[in-house]
>>> print(open('query-v3.txt').read())   # compact mmCIF, C-alpha atoms
# COMPACT_ATOMS: atom_id res chain seq x y z
CA MET A 16 -11.45 -21.03 31.14
CA ALA A 17 -9.43 -18.38 32.96
CA GLU A 18 -6.14 -20.17 32.40
CA GLU A 19 -6.44 -20.00 28.64
CA ARG A 20 -7.36 -16.32 28.79
CA ARG A 21 -4.16 -15.47 30.64
CA LEU A 22 -1.75 -13.81 28.23
CA ASP A 23 1.38 -11.80 28.93
CA GLY A 24 2.56 -8.23 28.64
CA ASN A 25 3.53 -8.61 24.99
CA ALA A 26 -0.18 -8.52 24.22
CA ILE A 27 -0.54 -4.89 25.32
CA GLY A 28 2.67 -3.55 23.80
CA GLY A 29 0.70 -1.41 21.34
CA VAL A 30 -1.71 -0.02 23.92
CA MET A 31 1.20 0.83 26.21
CA ILE A 32 3.11 2.62 23.45
CA GLU A 33 0.00 4.72 22.89
CA LEU A 34 -0.24 5.59 26.59
CA PHE A 35 3.41 6.07 27.49
CA GLY A 36 4.97 6.97 24.15
CA VAL A 37 7.76 4.40 24.47
CA GLU A 38 8.23 0.67 24.01
CA MET A 39 7.04 -0.77 27.31
CA THR A 40 7.46 -4.56 27.10
CA THR A 41 11.05 -4.29 28.31
CA VAL A 42 10.28 -1.67 30.99
CA PRO A 43 10.81 -3.04 34.50
CA GLY A 44 8.12 -2.43 37.09
CA SER A 45 7.88 -3.24 40.76
CA CYS A 46 4.83 -4.83 42.31
CA GLY A 47 3.34 -2.70 45.06
CA ASN A 48 2.32 -5.82 46.95
CA CYS A 49 5.19 -8.34 46.83
CA GLY A 50 7.98 -6.16 45.44
CA ALA A 51 8.72 -8.45 42.48
CA HIS A 52 10.63 -6.61 39.79
CA GLU A 53 9.82 -7.78 36.26
CA GLN A 54 9.72 -6.49 32.73
CA MET A 55 6.20 -5.64 31.60
CA ALA A 56 6.34 -8.56 29.11
CA GLU A 57 6.56 -10.90 32.09
CA THR A 58 3.26 -9.96 33.67
CA ASP A 59 -0.04 -11.82 33.42
CA VAL A 60 -2.48 -9.96 31.18
CA TYR A 61 -6.22 -10.44 30.72
CA LEU A 62 -7.65 -8.59 27.74
CA ASP A 63 -11.24 -9.67 28.14
CA ALA A 64 -12.01 -8.36 31.59
CA PRO A 65 -14.05 -5.15 31.53
CA GLY A 66 -10.97 -3.45 30.15
CA ILE A 67 -7.42 -4.74 30.43
CA VAL A 68 -6.09 -6.17 33.68
CA VAL A 69 -2.37 -6.66 34.32
CA ARG A 70 -1.37 -8.83 37.26
CA CYS A 71 1.91 -9.62 39.00
CA ARG A 72 3.05 -13.09 37.92
CA HIS A 73 4.35 -13.79 41.42
CA CYS A 74 1.52 -12.71 43.74
CA GLN A 75 -1.39 -12.01 41.33
CA ASN A 76 -1.75 -8.46 42.65
CA VAL A 77 -3.49 -6.20 40.10
CA LEU A 78 -0.73 -3.91 38.82
CA ILE A 79 -2.50 -1.98 36.09
CA ARG A 80 -6.05 -1.54 34.84
CA ILE A 81 -6.81 0.11 31.53
CA VAL A 82 -10.31 0.96 30.38
CA ARG A 83 -10.91 2.74 27.10
CA GLY A 84 -14.15 4.25 25.90
CA ASN A 85 -15.99 7.45 25.09
CA GLY A 86 -12.82 8.97 23.72
CA ARG A 87 -10.89 8.55 26.95
CA THR A 88 -8.53 6.10 28.60
CA TRP A 89 -8.82 5.40 32.31
CA LEU A 90 -5.48 4.20 33.61
CA ASP A 91 -5.08 2.77 37.12
CA LEU A 92 -1.45 2.18 38.12
CA SER A 93 -2.09 1.90 41.83
CA GLY A 94 -0.81 -1.68 42.08
CA LEU A 95 2.67 -0.69 40.95
CA SER A 96 5.24 0.87 43.24
CA SER A 97 7.47 1.97 40.35
CA LEU A 98 8.18 1.86 36.63
CA GLU A 99 11.64 2.43 35.18
CA LEU A 100 11.04 4.29 31.95
CA PRO A 101 13.84 4.94 29.45
CA LEU A 102 14.83 8.58 29.03
CA MET B 19 -2.59 -4.91 1.48
CA THR B 20 -0.59 -5.81 -1.60
CA GLY B 21 -1.04 -9.58 -1.76
CA ALA B 22 -1.79 -12.79 0.08
CA LEU B 23 -0.49 -16.34 0.37
CA GLU B 24 -2.68 -19.23 1.51
CA GLU B 25 -0.50 -21.09 4.02
CA THR B 26 -2.99 -23.68 5.31
CA PRO B 27 -6.81 -23.90 5.15
CA ARG B 28 -6.98 -21.70 8.28
CA VAL B 29 -3.92 -19.52 7.88
CA ARG B 30 -3.02 -16.79 5.44
CA THR B 31 -0.04 -14.49 5.00
CA LEU B 32 -0.88 -10.90 4.10
CA LEU B 33 1.66 -8.70 2.37
CA LEU B 34 1.38 -5.11 3.50
CA ASP B 35 2.62 -1.80 2.25
CA ALA B 36 2.47 0.36 5.38
CA GLU B 37 2.99 4.05 4.79
CA GLY B 38 5.84 5.39 6.90
CA TRP B 39 6.77 1.94 8.24
CA PRO B 40 10.05 2.46 10.09
CA GLY B 41 11.29 -1.13 9.82
CA HIS B 42 11.18 -3.80 12.48
CA ARG B 43 13.21 -6.39 14.38
CA PRO B 44 12.56 -10.14 14.21
CA GLY B 45 9.97 -11.17 16.79
CA GLN B 46 8.02 -7.93 16.88
CA HIS B 47 4.31 -7.65 16.16
CA LEU B 48 1.88 -5.05 14.90
CA ASP B 49 -1.69 -4.16 15.75
CA VAL B 50 -4.42 -4.18 13.12
CA ARG B 51 -7.44 -1.98 13.77
CA LEU B 52 -10.67 -2.42 11.83
CA THR B 53 -13.40 0.19 11.99
CA ALA B 54 -17.01 -0.66 11.10
CA GLU B 55 -19.33 1.79 9.38
CA ASP B 56 -21.00 2.55 12.73
CA GLY B 57 -17.62 3.44 14.24
CA TYR B 58 -17.17 0.21 16.19
CA GLN B 59 -13.49 -0.66 16.34
CA ALA B 60 -11.74 -3.96 16.87
CA GLU B 61 -7.99 -4.23 17.34
CA ARG B 62 -5.80 -7.34 17.41
CA SER B 63 -2.07 -8.06 17.45
CA TYR B 64 -0.35 -10.13 14.76
CA SER B 65 3.24 -11.23 14.60
CA ILE B 66 5.35 -9.97 11.75
CA ALA B 67 6.42 -12.88 9.57
CA SER B 68 8.91 -11.16 7.30
CA ALA B 69 12.54 -10.51 8.03
CA PRO B 70 13.69 -6.91 8.33
CA GLY B 71 14.26 -5.56 4.84
CA GLU B 72 11.77 -7.92 3.19
CA PRO B 73 8.32 -6.72 2.13
CA LEU B 74 6.28 -6.46 5.34
CA SER B 75 4.02 -9.44 5.99
CA ILE B 76 1.89 -10.86 8.79
CA THR B 77 0.57 -14.42 9.05
CA VAL B 78 -2.91 -14.75 10.50
CA GLU B 79 -4.84 -17.78 11.76
CA ARG B 80 -8.62 -17.67 11.49
CA LEU B 81 -10.28 -18.00 14.89
CA GLU B 82 -13.89 -19.04 14.42
CA ASP B 83 -15.32 -16.63 16.98
CA GLY B 84 -12.90 -13.88 16.05
CA GLU B 85 -13.74 -10.31 15.08
CA VAL B 86 -10.67 -9.49 13.01
CA SER B 87 -9.03 -12.73 11.85
CA PRO B 88 -11.97 -14.00 9.74
CA TYR B 89 -11.82 -10.78 7.73
CA LEU B 90 -8.05 -10.95 7.29
CA VAL B 91 -8.01 -14.65 6.35
CA ASP B 92 -11.18 -14.93 4.25
CA GLU B 93 -12.22 -11.52 3.01
CA ALA B 94 -9.41 -8.99 2.72
CA ARG B 95 -8.25 -8.51 -0.85
CA GLU B 96 -5.30 -6.93 -2.55
CA GLY B 97 -5.75 -3.18 -2.46
CA ASP B 98 -7.77 -3.17 0.77
CA GLY B 99 -6.59 -0.78 3.44
CA PHE B 100 -6.74 -0.94 7.20
CA GLU B 101 -5.03 0.74 10.12
CA VAL B 102 -1.76 -0.73 11.35
CA ARG B 103 0.22 0.28 14.42
CA GLY B 104 3.74 -0.89 14.95
CA PRO B 105 6.29 -2.27 15.13
CA ILE B 106 5.62 -3.27 18.74
CA GLY B 107 7.71 -5.15 21.25
CA GLY B 108 11.26 -5.09 22.53
CA TYR B 109 11.21 -8.14 24.76
CA PHE B 110 10.38 -10.94 22.33
CA VAL B 111 13.05 -9.86 19.87
CA TRP B 112 16.05 -11.81 18.65
CA GLU B 113 19.40 -10.11 18.48
CA ASP B 114 21.95 -12.42 16.93
CA ASP B 115 24.95 -12.62 19.25
CA GLY B 116 26.24 -15.94 17.95
CA ARG B 117 24.79 -17.98 20.83
CA PRO B 118 22.78 -20.98 19.66
CA VAL B 119 19.07 -20.34 19.38
CA PHE B 120 16.25 -22.64 20.43
CA LEU B 121 12.85 -21.74 19.02
CA VAL B 122 9.71 -23.45 20.29
CA GLY B 123 6.45 -22.75 18.47
CA GLY B 124 2.93 -24.06 18.83
CA GLY B 125 0.54 -23.56 15.91
CA SER B 126 0.64 -19.99 14.64
CA GLY B 127 3.15 -19.26 17.40
CA VAL B 128 5.70 -20.15 14.76
CA VAL B 129 5.15 -16.82 13.00
CA PRO B 130 7.51 -14.56 14.98
CA LEU B 131 10.00 -17.44 15.07
CA MET B 132 9.86 -17.57 11.27
CA ALA B 133 10.81 -13.90 11.14
CA MET B 134 13.88 -14.83 13.20
CA ILE B 135 14.74 -17.76 10.92
CA ARG B 136 14.28 -15.61 7.84
CA SER B 137 16.57 -12.95 9.25
CA SER B 138 19.32 -15.35 10.25
CA PRO B 139 22.52 -15.08 8.22
CA GLY B 140 22.97 -18.84 8.70
CA SER B 141 26.09 -18.66 10.84
CA THR B 142 24.26 -19.01 14.16
CA PRO B 143 22.94 -22.51 14.86
CA ILE B 144 19.17 -22.54 15.24
CA ARG B 145 16.88 -25.37 16.29
CA LEU B 146 13.14 -25.09 15.83
CA LEU B 147 10.72 -27.35 17.66
CA TYR B 148 7.35 -26.84 16.04
CA SER B 149 4.13 -28.40 17.29
CA SER B 150 1.10 -28.63 14.99
CA ARG B 151 -2.11 -30.59 15.18
CA THR B 152 -1.83 -32.24 11.76
CA LEU B 153 0.56 -32.08 8.81
CA GLU B 154 -1.98 -29.94 6.97
CA ASP B 155 -1.77 -27.38 9.78
CA VAL B 156 1.99 -26.90 9.47
CA ILE B 157 2.62 -23.31 8.40
CA TYR B 158 5.63 -22.58 6.14
CA ARG B 159 6.24 -26.31 5.70
CA GLU B 160 7.95 -26.13 2.32
CA GLU B 161 10.04 -23.13 3.23
CA LEU B 162 11.19 -24.76 6.47
CA ASP B 163 12.11 -27.92 4.56
CA ALA B 164 14.08 -25.83 2.09
CA ARG B 165 15.88 -23.81 4.76
CA ALA B 166 16.73 -26.80 6.97
CA GLY B 167 20.37 -27.76 6.91
CA HIS B 168 21.84 -24.29 6.55
CA GLY B 169 22.47 -23.79 10.26
CA LEU B 170 18.81 -24.62 10.90
CA GLU B 171 17.43 -27.86 12.29
CA VAL B 172 13.66 -28.33 12.26
CA PHE B 173 11.83 -30.83 14.47
CA HIS B 174 8.11 -31.28 13.93
CA THR B 175 5.65 -32.84 16.31
CA LEU B 176 2.09 -33.58 15.20
CA THR B 177 -0.20 -33.86 18.17
CA ARG B 178 -3.56 -34.89 16.74
CA GLU B 179 -3.04 -36.87 13.56
CA GLN B 180 0.01 -38.18 11.73
CA PRO B 181 0.22 -39.30 8.10
CA SER B 182 1.27 -42.88 7.47
CA GLY B 183 5.02 -43.24 7.52
CA TRP B 184 5.44 -40.14 9.72
CA THR B 185 8.92 -40.12 11.19
CA GLY B 186 8.65 -36.97 13.31
CA TYR B 187 7.33 -36.71 16.85
CA SER B 188 3.70 -37.49 17.61
CA ARG B 189 2.91 -35.97 20.98
CA ARG B 190 2.51 -32.75 22.89
CA ILE B 191 5.70 -31.15 24.07
CA ASP B 192 6.94 -32.72 27.29
CA ASN B 193 10.18 -32.72 29.22
CA ASP B 194 11.58 -35.80 27.47
CA LEU B 195 10.97 -34.28 24.07
CA LEU B 196 12.63 -31.04 25.14
CA ARG B 197 15.58 -32.97 26.55
CA GLU B 198 16.09 -34.72 23.19
CA ILE B 199 15.98 -31.58 21.09
CA ALA B 200 17.03 -28.55 23.13
CA TRP B 201 20.62 -27.42 23.25
CA PRO B 202 22.28 -28.38 26.52
CA ALA B 203 21.76 -25.58 29.02
CA SER B 204 25.55 -25.32 29.27
CA ASP B 205 25.63 -24.04 25.66
CA ASP B 206 23.93 -20.89 26.99
CA PRO B 207 21.30 -20.72 24.23
CA GLN B 208 18.82 -17.94 23.58
CA VAL B 209 15.29 -19.32 23.77
CA PHE B 210 12.05 -18.02 22.29
CA VAL B 211 8.75 -19.77 22.99
CA CYS B 212 5.50 -18.67 21.36
CA GLY B 213 2.07 -20.28 21.31
CA SER B 214 -1.04 -20.64 23.40
CA THR B 215 -0.76 -20.04 27.12
CA ARG B 216 -0.85 -23.75 27.93
CA PHE B 217 1.79 -24.53 25.31
CA VAL B 218 4.15 -21.77 26.41
CA ASP B 219 3.85 -22.65 30.09
CA ALA B 220 4.57 -26.32 29.39
CA ALA B 221 7.61 -25.56 27.26
CA ALA B 222 9.04 -22.92 29.59
CA ASP B 223 8.52 -25.04 32.71
CA GLY B 224 10.12 -28.02 30.95
CA LEU B 225 13.17 -26.01 29.97
CA VAL B 226 13.61 -24.69 33.50
CA ALA B 227 13.44 -28.31 34.70
CA LEU B 228 16.27 -29.09 32.27
CA GLY B 229 18.40 -26.47 33.95
CA TYR B 230 17.74 -23.49 31.70
CA ASP B 231 18.02 -20.08 33.33
CA PRO B 232 14.47 -18.67 33.37
CA LEU B 233 15.90 -15.30 32.32
CA SER B 234 17.20 -16.84 29.07
CA ILE B 235 13.69 -17.96 28.05
CA LYS B 236 11.63 -15.32 26.27
CA THR B 237 7.93 -16.15 26.06
CA GLU B 238 4.96 -14.78 24.16
CA ARG B 239 1.41 -16.07 24.68
CA PHE B 240 -1.56 -15.56 22.44
CA GLY B 241 -5.21 -16.25 23.02
CA ALA B 242 -7.01 -19.20 21.50
CA THR B 243 -10.21 -17.21 21.15
CA GLY B 244 -11.37 -13.73 20.34
CA GLY B 245 -8.90 -12.91 17.55
>>> encode(input="query-v3.txt", output="structure tokens")
Amino acid sequence: MAEERRLDGNAIGGVMIELFGVEMTTVPGSCGNCGAHEQMAETDVYLDAPGIVVRCRHCQNVLIRIVRGNGRTWLDLSGLSSLELPL
Amino acid sequence: MTGALEETPRVRTLLLDAEGWPGHRPGQHLDVRLTAEDGYQAERSYSIASAPGEPLSITVERLEDGEVSPYLVDEAREGDGFEVRGPIGGYFVWEDDGRPVFLVGGGSGVVPLMAMIRSSPGSTPIRLLYSSRTLEDVIYREELDARAGHGLEVFHTLTREQPSGWTGYSRRIDNDLLREIAWPASDDPQVFVCGSTRFVDAAADGLVALGYDPLSIKTERFGATGG
């Protein structure tokens, strides 16, 4: 059931540290569709899609897709309009 | 892995000695990665159960269709090694600022909340509402009983089966139950809710209905399958 598979951004904290090099669950991002501004922990996350899918909790827009395999990571951030990373 | 504690028939605490572990904050988790002989890797997240400064431990529930948890609960032995990444998380982390704390845990969702309880100096009032299926499924039962009273109040609800003479709650978390136990919203409590998606949504929605500021409610959801 899709509802029970819906997790949150805490579930990909480790993957995100690997990709971005910093703790990401508290990083605010803006949805490129509805403009909602939320910390990454407060997104809807599906780990068992083909890869990882991160959706906006407000409009369900796909914010991030992460696919790993063959020694590479394919990272699609096209659903985000911005991320505020700590310096 | 330096040791293990059987918590319930399905749940085990693993003591770890992680090389270069930088220390953690209560509420954080770590990732365990297992690699098969053919190179296949499986990675899962587990909440840290120990307080900062204590020997590092995680508490793991066996999920029947899981790839990692059956090994950690049933097979891993003292002296075994596996890859660990962490600590992870900055959102679901308790920083004691003296405000009262309301912890809501479902099943093994109590684990990160236990790290918070274990790290509390006792001066900040903490209430734990802990939902389990049966008394046998209650993790850390004796330790919670022993800690209760020193700034900590523990409220159990058993949703599937209750022993005779049970005086705790006997139903899934609903708004009435939250109203009875939660601090009044006017006390400005910090709130941490951890459990399955359905559990967390019900608790968080109920607290918002009681007047809690959604921003004061920190939530962490874990999957019921695949671990």
>>> interface_residues(input="query-v3.txt", of="chain B", to="chain A", cutoff="8 Å", atoms="all atoms listed in the file", output="PyMOL selection string")
chain B and resi 48-49+63+103-104+106-110+214-216+238-242
>>> closest_residue(input="query-v3.txt", among="B:Ala54, B:Ala60, B:Val218, B:Val91", to="Ala22 in chain B", atoms="all atoms listed in the file")
B:Val91
>>> residues_around(input="query-v3.txt", residues="range 64-80 of chain A", least_positions_apart="6", cutoff="6 Å", atoms="all atoms listed in the file", output="JSON list (two decimals) with C-alpha atoms, in the frame of the given file")
[["chain", "number", "residue", "atom", "x", "y", "z"],
["A", 58, "THR", "CA", 3.26, -9.96, 33.67],
["A", 90, "LEU", "CA", -5.48, 4.20, 33.61],
["A", 91, "ASP", "CA", -5.08, 2.77, 37.12],
["A", 92, "LEU", "CA", -1.45, 2.18, 38.12],
["A", 94, "GLY", "CA", -0.81, -1.68, 42.08],
["A", 95, "LEU", "CA", 2.67, -0.69, 40.95]]
>>> closest_residue(input="query-v3.txt", among="A:Phe35, A:Ile81, A:Gly86, A:Leu98", to="Glu53 in chain A", atoms="all atoms listed in the file")
A:Leu98
>>> residues_around(input="query-v3.txt", residues="Trp112 in chain B", least_positions_apart="2", cutoff="8 Å", atoms="all atoms listed in the file", output="MDAnalysis selection string")
chainID B and resid 43:45 110 114 134
>>> atom_distance(input="query-v3.txt", atom1="CA of Ile144 in chain B", atom2="CA of Thr77 in chain B")
21.2 Å
>>> atom_distance(input="query-v3.txt", atom1="CA of Leu176 in chain B", atom2="CA of Ser149 in chain B")
5.9 Å
>>> residues_near_point(input="query-v3.txt", point="(19.8, -26.4, 24.2)", cutoff="10 Å", atoms="all atoms listed in the file", output="list of chain:residue names")
B:Pro118, B:Val119, B:Phe120, B:Leu121, B:Ile144, B:Arg145, B:Leu196, B:Arg197, B:Glu198, B:Ile199, B:Ala200, B:Trp201, B:Pro202, B:Ala203, B:Ser204, B:Asp205, B:Asp206, B:Pro207, B:Gln208, B:Val209, B:Leu225, B:Leu228, B:Gly229, B:Tyr230
>>> residues_around(input="query-v3.txt", residues="range 162-171 of chain B", least_positions_apart="2", cutoff="8 Å", atoms="only C-alpha atoms", output="PDB file with C-alpha atoms, in the frame of the given file")
ATOM      1  CA  ILE B 135      14.740 -17.760  10.920  1.00  0.00           C
ATOM      2  CA  GLY B 140      22.970 -18.840   8.700  1.00  0.00           C
ATOM      3  CA  SER B 141      26.090 -18.660  10.840  1.00  0.00           C
ATOM      4  CA  THR B 142      24.260 -19.010  14.160  1.00  0.00           C
ATOM      5  CA  PRO B 143      22.940 -22.510  14.860  1.00  0.00           C
ATOM      6  CA  ILE B 144      19.170 -22.540  15.240  1.00  0.00           C
ATOM      7  CA  ARG B 145      16.880 -25.370  16.290  1.00  0.00           C
ATOM      8  CA  LEU B 146      13.140 -25.090  15.830  1.00  0.00           C
ATOM      9  CA  TYR B 158       5.630 -22.580   6.140  1.00  0.00           C
ATOM     10  CA  ARG B 159       6.240 -26.310   5.700  1.00  0.00           C
ATOM     11  CA  GLU B 160       7.950 -26.130   2.320  1.00  0.00           C
ATOM     12  CA  PHE B 173      11.830 -30.830  14.470  1.00  0.00           C
TER      13      PHE B 173
END
>>> closest_residue(input="query-v3.txt", among="A:Ser96, A:Asn85, A:Leu34, A:Pro101", to="Gly50 in chain A", atoms="all atoms listed in the file")
A:Ser96
